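Novice: Take a look at entry27.txt, compact mmCIF, C-alpha atoms:
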```txt
# COMPACT_ATOMS: atom_id res chain seq x y z
CA MET I 1 3.88 -17.25 -45.22
CA THR I 2 6.94 -17.72 -43.02
CA LYS I 3 7.84 -14.58 -41.13
CA TRP I 4 11.14 -12.88 -41.90
CA THR I 5 12.17 -13.13 -38.24
CA ASP I 6 11.53 -16.88 -38.31
CA ARG I 7 13.82 -17.26 -41.33
CA ILE I 8 16.56 -15.30 -39.58
CA GLY I 9 16.15 -17.47 -36.46
CA ARG I 10 16.81 -20.60 -38.51
CA ARG I 11 19.76 -19.09 -40.40
CA VAL I 12 21.67 -17.38 -37.57
CA LYS I 13 21.61 -18.52 -33.96
CA LEU I 14 22.99 -16.75 -30.89
CA ARG I 15 25.59 -19.50 -30.54
CA ASP I 16 26.84 -18.68 -34.05
CA LEU I 17 27.13 -14.97 -33.21
CA HIS I 18 28.90 -15.78 -29.98
CA MET I 19 31.45 -17.89 -31.83
CA VAL I 20 32.04 -15.17 -34.46
CA LEU I 21 32.71 -12.64 -31.69
CA ALA I 22 35.09 -15.05 -29.96
CA VAL I 23 37.04 -15.65 -33.17
CA VAL I 24 37.35 -11.93 -33.88
CA GLU I 25 38.49 -11.17 -30.34
CA ALA I 26 41.00 -14.05 -30.31
CA GLY I 27 42.23 -13.43 -33.86
CA SER I 28 42.48 -17.17 -34.35
CA MET I 29 40.06 -20.08 -34.46
CA THR I 30 42.49 -22.16 -32.39
CA ARG I 31 42.67 -19.59 -29.60
CA ALA I 32 38.89 -19.03 -29.79
CA ALA I 33 38.35 -22.78 -29.35
CA GLU I 34 40.57 -22.74 -26.27
CA GLU I 35 38.70 -19.81 -24.75
CA LEU I 36 35.33 -21.38 -25.49
CA ALA I 37 36.47 -24.78 -24.20
CA VAL I 38 35.50 -26.55 -27.42
CA SER I 39 37.52 -28.26 -30.11
CA TYR I 40 38.99 -26.48 -33.12
CA PRO I 41 36.84 -28.52 -35.58
CA VAL I 42 33.67 -27.32 -33.82
CA VAL I 43 34.65 -23.67 -34.30
CA SER I 44 35.81 -24.19 -37.88
CA LYS I 45 32.64 -26.08 -38.81
CA THR I 46 30.36 -23.48 -37.23
CA ILE I 47 32.03 -20.61 -39.10
CA SER I 48 32.02 -22.55 -42.40
CA GLU I 49 28.33 -23.47 -42.05
CA LEU I 50 27.44 -19.86 -41.21
CA GLU I 51 29.32 -18.62 -44.28
CA HIS I 52 27.50 -21.17 -46.40
CA THR I 53 24.13 -20.18 -44.93
CA LEU I 54 24.73 -16.48 -45.53
CA GLY I 55 26.43 -17.01 -48.88
CA VAL I 56 29.35 -14.71 -48.04
CA LYS I 57 32.89 -15.07 -46.69
CA LEU I 58 33.13 -13.85 -43.10
CA PHE I 59 36.87 -14.31 -42.48
CA ASP I 60 40.08 -14.18 -44.49
CA ARG I 61 42.29 -17.06 -43.33
CA SER I 62 46.09 -16.86 -43.23
CA ILE I 63 48.98 -18.56 -41.47
CA SER I 64 49.00 -15.81 -38.85
CA GLY I 65 45.28 -16.17 -38.07
CA VAL I 66 41.97 -14.81 -39.31
CA GLU I 67 40.71 -11.33 -40.17
CA PRO I 68 37.03 -10.42 -40.60
CA THR I 69 35.98 -9.45 -44.10
CA HIS I 70 33.65 -6.57 -44.91
CA TYR I 71 30.76 -9.02 -44.40
CA GLY I 72 32.28 -10.30 -41.19
CA ARG I 73 32.59 -6.78 -39.78
CA ALA I 74 28.92 -6.10 -40.62
CA LEU I 75 27.85 -9.26 -38.79
CA LEU I 76 30.21 -8.42 -35.93
CA GLN I 77 28.63 -4.99 -35.50
CA SER I 78 25.10 -6.42 -35.33
CA GLY I 79 26.26 -9.24 -33.05
CA VAL I 80 27.74 -6.80 -30.55
CA ALA I 81 24.42 -4.89 -30.55
CA VAL I 82 22.43 -8.09 -30.02
CA PHE I 83 24.51 -9.19 -27.03
CA ASP I 84 24.53 -5.68 -25.60
CA GLU I 85 20.73 -5.52 -25.71
CA MET I 86 20.50 -9.01 -24.25
CA ARG I 87 22.82 -8.01 -21.42
CA LYS I 88 20.61 -5.00 -20.68
CA GLY I 89 17.54 -7.22 -20.75
CA LEU I 90 19.05 -9.68 -18.29
CA GLN I 91 20.07 -6.82 -16.02
CA GLN I 92 16.48 -5.54 -16.16
CA ILE I 93 15.18 -8.99 -15.22
CA GLU I 94 17.47 -9.05 -12.19
CA PHE I 95 16.25 -5.56 -11.31
CA ILE I 96 12.60 -6.57 -11.60
CA LYS I 97 13.18 -9.70 -9.51
CA GLN I 98 14.05 -7.53 -6.52
CA PRO I 99 10.83 -7.37 -4.49
CA ASP I 100 11.71 -4.17 -2.65
CA ALA I 101 13.19 -1.99 -5.37
CA GLY I 102 12.53 -0.76 -8.88
CA GLU I 103 9.70 1.12 -10.54
CA LEU I 104 5.98 0.37 -10.49
CA ARG I 105 3.40 2.01 -12.76
CA ILE I 106 -0.28 2.02 -11.85
CA SER I 107 -3.42 3.94 -12.81
CA SER I 108 -5.80 5.38 -10.27
CA SER I 109 -9.16 7.15 -10.31
CA ALA I 110 -9.89 10.52 -8.73
CA VAL I 111 -11.85 8.89 -5.90
CA THR I 112 -9.06 6.54 -4.87
CA ASP I 113 -6.53 9.38 -5.26
CA ALA I 114 -8.48 11.30 -2.61
CA GLY I 115 -8.54 8.59 0.03
CA LEU I 116 -7.48 5.00 -0.46
CA LEU I 117 -4.35 5.47 -2.58
CA PRO I 118 -2.47 7.81 -0.18
CA ALA I 119 -3.10 5.29 2.62
CA ILE I 120 -1.71 2.47 0.48
CA ILE I 121 1.30 4.55 -0.57
CA GLU I 122 2.08 5.39 3.06
CA LEU I 123 2.31 1.68 3.91
CA PHE I 124 3.98 0.72 0.62
CA SER I 125 6.69 3.39 0.84
CA ARG I 126 7.45 2.48 4.43
CA ASP I 127 7.84 -1.22 3.62
CA PHE I 128 9.66 -0.67 0.31
CA PRO I 129 11.57 2.63 0.56
CA ARG I 130 13.68 1.91 -2.55
CA ALA I 131 10.64 1.58 -4.83
CA ALA I 132 9.53 4.38 -7.17
CA LEU I 133 5.78 4.56 -7.85
CA HIS I 134 4.40 6.17 -11.02
CA VAL I 135 0.67 6.99 -10.82
CA LEU I 136 -1.21 7.70 -14.04
CA PRO I 137 -4.76 9.12 -14.04
CA GLU I 138 -7.53 6.73 -15.05
CA ASN I 139 -11.05 7.59 -16.17
CA ILE I 140 -12.85 4.66 -14.58
CA ALA I 141 -16.20 5.70 -16.06
CA THR I 142 -15.11 4.75 -19.58
CA GLN I 143 -13.89 1.30 -18.44
CA GLN I 144 -11.53 1.15 -21.42
CA TYR I 145 -8.40 0.29 -19.42
CA ASP I 146 -6.14 1.34 -22.29
CA ASN I 147 -3.10 1.95 -20.08
CA LEU I 148 -3.46 -1.55 -18.68
CA ARG I 149 -3.89 -3.29 -22.01
CA HIS I 150 -1.01 -1.37 -23.60
CA ARG I 151 1.34 -2.32 -20.72
CA ASN I 152 1.75 1.29 -19.61
CA VAL I 153 0.67 0.19 -16.11
CA GLU I 154 0.47 -3.11 -14.24
CA LEU I 155 -2.82 -2.48 -12.46
CA VAL I 156 -5.71 -0.04 -12.24
CA LEU I 157 -7.09 1.07 -8.88
CA GLY I 158 -10.58 2.50 -8.58
CA ARG I 159 -14.29 1.79 -8.76
CA LEU I 160 -15.09 -1.52 -10.42
CA PRO I 161 -18.02 -2.54 -12.55
CA VAL I 162 -20.46 -4.67 -10.57
CA THR I 163 -19.75 -7.41 -13.11
CA MET I 164 -16.46 -7.50 -15.03
CA SER I 165 -17.47 -8.17 -18.63
CA GLU I 166 -14.01 -7.83 -20.18
CA PRO I 167 -12.78 -11.39 -20.88
CA ASP I 168 -9.09 -10.44 -20.82
CA LEU I 169 -9.24 -8.66 -17.45
CA VAL I 170 -9.71 -9.76 -13.86
CA ALA I 171 -10.93 -7.62 -10.96
CA GLU I 172 -10.57 -8.01 -7.20
CA THR I 173 -12.85 -6.08 -4.86
CA LEU I 174 -11.27 -4.54 -1.76
CA PHE I 175 -14.51 -3.16 -0.28
CA ASP I 176 -17.89 -1.75 -1.27
CA GLU I 177 -18.18 2.03 -1.53
CA PRO I 178 -21.38 3.47 -0.04
CA MET I 179 -22.21 7.15 -0.38
CA MET I 180 -22.34 9.30 2.73
CA VAL I 181 -24.23 12.59 3.17
CA ALA I 182 -21.66 15.20 4.15
CA ALA I 183 -21.57 18.81 5.29
CA GLY I 184 -18.88 21.24 6.39
CA SER I 185 -17.82 20.77 9.99
CA GLU I 186 -19.10 24.31 10.75
CA SER I 187 -22.42 23.75 9.00
CA ARG I 188 -25.60 24.18 10.99
CA TRP I 189 -26.35 20.54 10.16
CA ALA I 190 -23.09 19.23 11.64
CA LYS I 191 -24.43 19.06 15.21
CA ARG I 192 -27.80 17.52 14.37
CA ARG I 193 -28.29 13.95 15.54
CA ASN I 194 -31.58 12.91 13.99
CA LEU I 195 -31.84 13.56 10.27
CA THR I 196 -33.40 12.03 7.22
CA LEU I 197 -32.53 12.66 3.61
CA ALA I 198 -35.94 14.28 3.16
CA ASP I 199 -35.01 16.91 5.80
CA LEU I 200 -32.18 18.14 3.59
CA MET I 201 -33.88 18.34 0.21
CA GLY I 202 -34.43 22.10 0.39
CA GLU I 203 -30.76 22.85 1.11
CA PRO I 204 -28.13 23.87 -1.48
CA TRP I 205 -26.46 20.75 -2.93
CA VAL I 206 -23.37 20.18 -5.01
CA LEU I 207 -23.64 17.13 -7.26
CA ALA I 208 -21.68 15.54 -10.06
CA GLN I 209 -22.34 16.47 -13.67
CA PRO I 210 -25.22 14.59 -15.37
CA GLY I 211 -23.98 11.69 -17.48
CA SER I 212 -21.03 10.89 -15.21
CA LEU I 213 -20.63 7.67 -13.23
CA ALA I 214 -20.64 9.63 -9.97
CA ARG I 215 -23.93 11.35 -10.90
CA SER I 216 -25.63 8.05 -11.66
CA LEU I 217 -24.64 6.87 -8.17
CA HIS I 218 -25.86 10.15 -6.62
CA ASP I 219 -29.24 9.93 -8.33
CA GLU I 220 -29.75 6.35 -7.24
CA VAL I 221 -29.13 7.25 -3.58
CA PHE I 222 -32.04 9.69 -3.66
CA ARG I 223 -34.34 7.40 -5.61
CA LYS I 224 -33.69 4.47 -3.27
CA SER I 225 -35.04 6.74 -0.53
CA GLY I 226 -38.14 7.53 -2.59
CA LEU I 227 -36.93 11.03 -3.50
CA GLU I 228 -36.15 12.81 -6.73
CA PRO I 229 -32.60 14.21 -6.89
CA PRO I 230 -32.52 17.86 -5.81
CA THR I 231 -31.76 20.70 -8.19
CA ALA I 232 -28.06 21.20 -7.49
CA ALA I 233 -26.63 24.69 -7.06
CA VAL I 234 -23.26 23.51 -8.42
CA LEU I 235 -22.49 20.68 -10.86
CA THR I 236 -18.91 19.48 -11.31
CA VAL I 237 -16.80 16.44 -12.16
CA SER I 238 -13.87 17.82 -10.17
CA LEU I 239 -13.68 15.91 -6.89
CA HIS I 240 -11.28 18.51 -5.47
CA LEU I 241 -13.75 21.36 -6.12
CA TYR I 242 -16.62 19.20 -4.90
CA MET I 243 -14.98 18.58 -1.53
CA ARG I 244 -13.82 22.19 -1.11
CA LEU I 245 -17.38 23.45 -1.62
CA ILE I 246 -18.74 21.08 1.00
CA GLU I 247 -16.03 22.25 3.42
CA THR I 248 -17.34 25.82 3.23
CA GLY I 249 -20.46 24.71 5.09
CA ARG I 250 -22.84 26.21 2.55
CA TRP I 251 -23.36 23.12 0.39
CA LEU I 252 -24.28 19.53 1.12
CA GLY I 253 -22.99 16.64 -0.93
CA LEU I 254 -22.75 12.87 -1.27
CA VAL I 255 -19.22 11.70 -0.56
CA PRO I 256 -17.69 8.24 -1.23
CA ALA I 257 -17.16 6.51 2.10
CA SER I 258 -13.49 5.70 1.42
CA VAL I 259 -12.69 9.39 0.90
CA MET I 260 -13.89 10.07 4.44
CA ARG I 261 -12.48 6.83 5.86
CA PHE I 262 -8.95 7.36 4.62
CA GLY I 263 -8.75 11.11 4.00
CA GLY I 264 -11.46 12.68 6.14
CA LYS I 265 -9.18 13.62 9.04
CA HIS I 266 -7.55 16.23 6.81
CA MET I 267 -10.85 17.83 5.79
CA ARG I 268 -13.26 20.19 7.53
CA ILE I 269 -16.13 17.87 6.68
CA LYS I 270 -18.50 15.80 8.79
CA VAL I 271 -20.60 12.84 7.70
CA LEU I 272 -24.19 13.48 8.76
CA PRO I 273 -26.22 10.79 10.57
CA VAL I 274 -28.46 10.20 7.57
CA LYS I 275 -29.39 6.73 6.43
CA ALA I 276 -28.71 6.71 2.69
CA LEU I 277 -29.28 3.58 0.62
CA SER I 278 -26.42 3.35 -1.86
CA PRO I 279 -26.22 1.22 -5.01
CA PRO I 280 -23.44 -1.39 -5.19
CA ALA I 281 -20.15 0.41 -5.88
CA PRO I 282 -17.19 -1.95 -5.39
CA VAL I 283 -13.66 -0.52 -5.20
CA GLY I 284 -10.61 -2.57 -6.01
CA PHE I 285 -8.04 -3.21 -8.69
CA VAL I 286 -7.99 -4.59 -12.22
CA THR I 287 -5.17 -6.58 -13.84
CA VAL I 288 -4.75 -8.43 -17.12
CA LYS I 289 -5.72 -12.08 -16.90
CA ASP I 290 -2.79 -14.54 -17.11
CA ARG I 291 -0.21 -11.70 -17.26
CA THR I 292 2.57 -12.21 -14.72
CA LEU I 293 2.92 -9.30 -12.31
CA THR I 294 6.29 -8.07 -11.14
CA PRO I 295 7.18 -8.81 -7.50
CA LEU I 296 6.81 -5.09 -6.75
CA ALA I 297 3.25 -5.05 -8.14
CA GLU I 298 2.41 -8.06 -5.99
CA ARG I 299 3.77 -6.24 -2.93
CA PHE I 300 1.65 -3.20 -3.77
CA ILE I 301 -1.49 -5.33 -4.07
CA ASP I 302 -0.70 -6.92 -0.71
CA CYS I 303 -0.42 -3.44 0.83
CA ALA I 304 -3.78 -2.49 -0.72
CA ARG I 305 -5.43 -5.55 0.82
CA ARG I 306 -3.91 -4.82 4.21
CA VAL I 307 -5.04 -1.19 4.17
CA ALA I 308 -8.58 -2.09 3.11
CA LYS I 309 -8.82 -4.83 5.74
CA SER I 310 -7.30 -2.79 8.57
CA ASP I 311 -9.89 -0.03 8.25
CA ALA I 312 -12.87 -2.20 7.33
CA GLY I 313 -15.90 -1.75 9.52
CA ARG I 314 -14.65 1.33 11.34
CA ALA I 315 -17.74 3.35 10.49
CA SER I 316 -17.31 5.47 13.63
CA THR I 317 -14.14 7.01 12.19
CA TRP I 318 -16.09 8.38 9.22
CA ARG I 319 -18.27 10.58 11.42
CA ARG I 320 -16.06 13.26 12.87
```
Here is a file; write its structure as structure tokens.
Specialist:
Amino acid sequence: MTKWTDRIGRRVKLRDLHMVLAVVEAGSMTRAAEELAVSYPVVSKTISELEHTLGVKLFDRSISGVEPTHYGRALLQSGVAVFDEMRKGLQQIEFIKQPDAGELRISSSAVTDAGLLPAIIELFSRDFPRAALHVLPENIATQQYDNLRHRNVELVLGRLPVTMSEPDLVAETLFDEPMMVAAGSESRWAKRRNLTLADLMGEPWVLAQPGSLARSLHDEVFRKSGLEPPTAAVLTVSLHLYMRLIETGRWLGLVPASVMRFGGKHMRIKVLPVKALSPPAPVGFVTVKDRTLTPLAERFIDCARRVAKSDAGRASTWRR
């Protein structure tokens, strides 16, 4: 069945509406033809064909000119709205085309919020001071990407699945995210140079809640070292609480490397010299396949790549 909008598109075209508006504003088909730089017969024929198509009389003709009928005024009102909305749309396109201004909406996970994202924003805001960035929270563990699919955001920043199985999405890895064993900078373990994970198993630990993505990564770190995960004194999915507890010096924890790499200088936390075998945990961004990004989104992605590359391999900066 033909859609209603398709029928309207065949019956009334923007050129027809434009000519109706010109005739109304000029008050005469002759003057409208002059203003539009077309011949009088073209204007007269267009109006007559439109009246025939709609089955109503749009203008009352007289020697002094033309006057819109009740039907003509109704079409005029809708035509003004159409061109007003189109004008706004074109203005928005011009706004979006500016690579250094406008608004950008992204989603970010708690882990990238704590380290990588502030570093990207620092570079992005310096290079593009007129841009406004909206950051929405994203639960990466669910891998639903609803904000992305519903066009609420242009990209999602956070941990990526090892293999992207969503056919409509594309992921780009910025770096791999190993887990680091961390303690408070005043902890008795902070000055030790030779440690193994087994040495720390009897200490109080804070770990992520069972069933969470973070906890699955924590458990695998211990098991890759031939150990069963310790019985944690505190279990939480709040990264803020997690890091604050480690800072006290009483608890040990496993911290994503990027949190220490990009945000560690602001924390009273030290990465311990413990060799921990981490499962693959790529960090990067996800976009919708074949969906054109705005210039501002492309600039943000470029900043993300530069930040990730500039700090890559600087493992010494993680151990403060």
Novice: What gap, in Å, lies between CA of Arg223 in chain I and CA of Phe285 in chain I?
Specialist: 28.5 Å
Novice: CA of Leu36 in chain I and CA of Val12 in chain I, how far apart in Å?
Specialist: 18.7 Å
Novice: Please, what distance in Å, to one decimal, runs between CA of Gln209 in chain I and CA of Thr112 in chain I?
Specialist: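 Those two atoms sit 18.8 Å apart.
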Novice: Hey, what's within 10 Å of Val23 in chain I if we count all atoms listed in the file and toss same-chain stuff fewer than 6 positions away? As a ChimeraX atom specification, please?
Specialist: /I:17,29-33,35-36,43-44,47,59,65-68
Novice: Using only C-alpha atoms, which of I:Lys275, I:Lys57, I:His18, I:His240 sits nearest Arg73 in chain I?
Specialist: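 That would be I:Lys57, the residue with the smallest distance to Arg73 in chain I.
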Novice: So which one's closest to Thr231 in chain I, I:Arg250, I:Met179, I:Arg192, I:Gly202? Using only C-alpha atoms, please.
Specialist: I:Gly202
Novice: Using only C-alpha atoms, which residues sit within 9 Å of Arg193 in chain I once same-chain residues fewer than 6 positions away are excluded, as an mmCIF file with C-alpha atoms, in the frame of the given file?
Specialist:
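Result went into out.cif, see below:
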```
data_model
loop_
_atom_site.group_PDB
_atom_site.id
_atom_site.type_symbol
_atom_site.label_atom_id
_atom_site.label_comp_id
_atom_site.auth_asym_id
_atom_site.auth_seq_id
_atom_site.Cartn_x
_atom_site.Cartn_y
_atom_site.Cartn_z
ATOM 1 C CA LEU I 272 -24.190 13.480 8.760
ATOM 2 C CA PRO I 273 -26.220 10.790 10.570
ATOM 3 C CA VAL I 274 -28.460 10.200 7.570
#
```
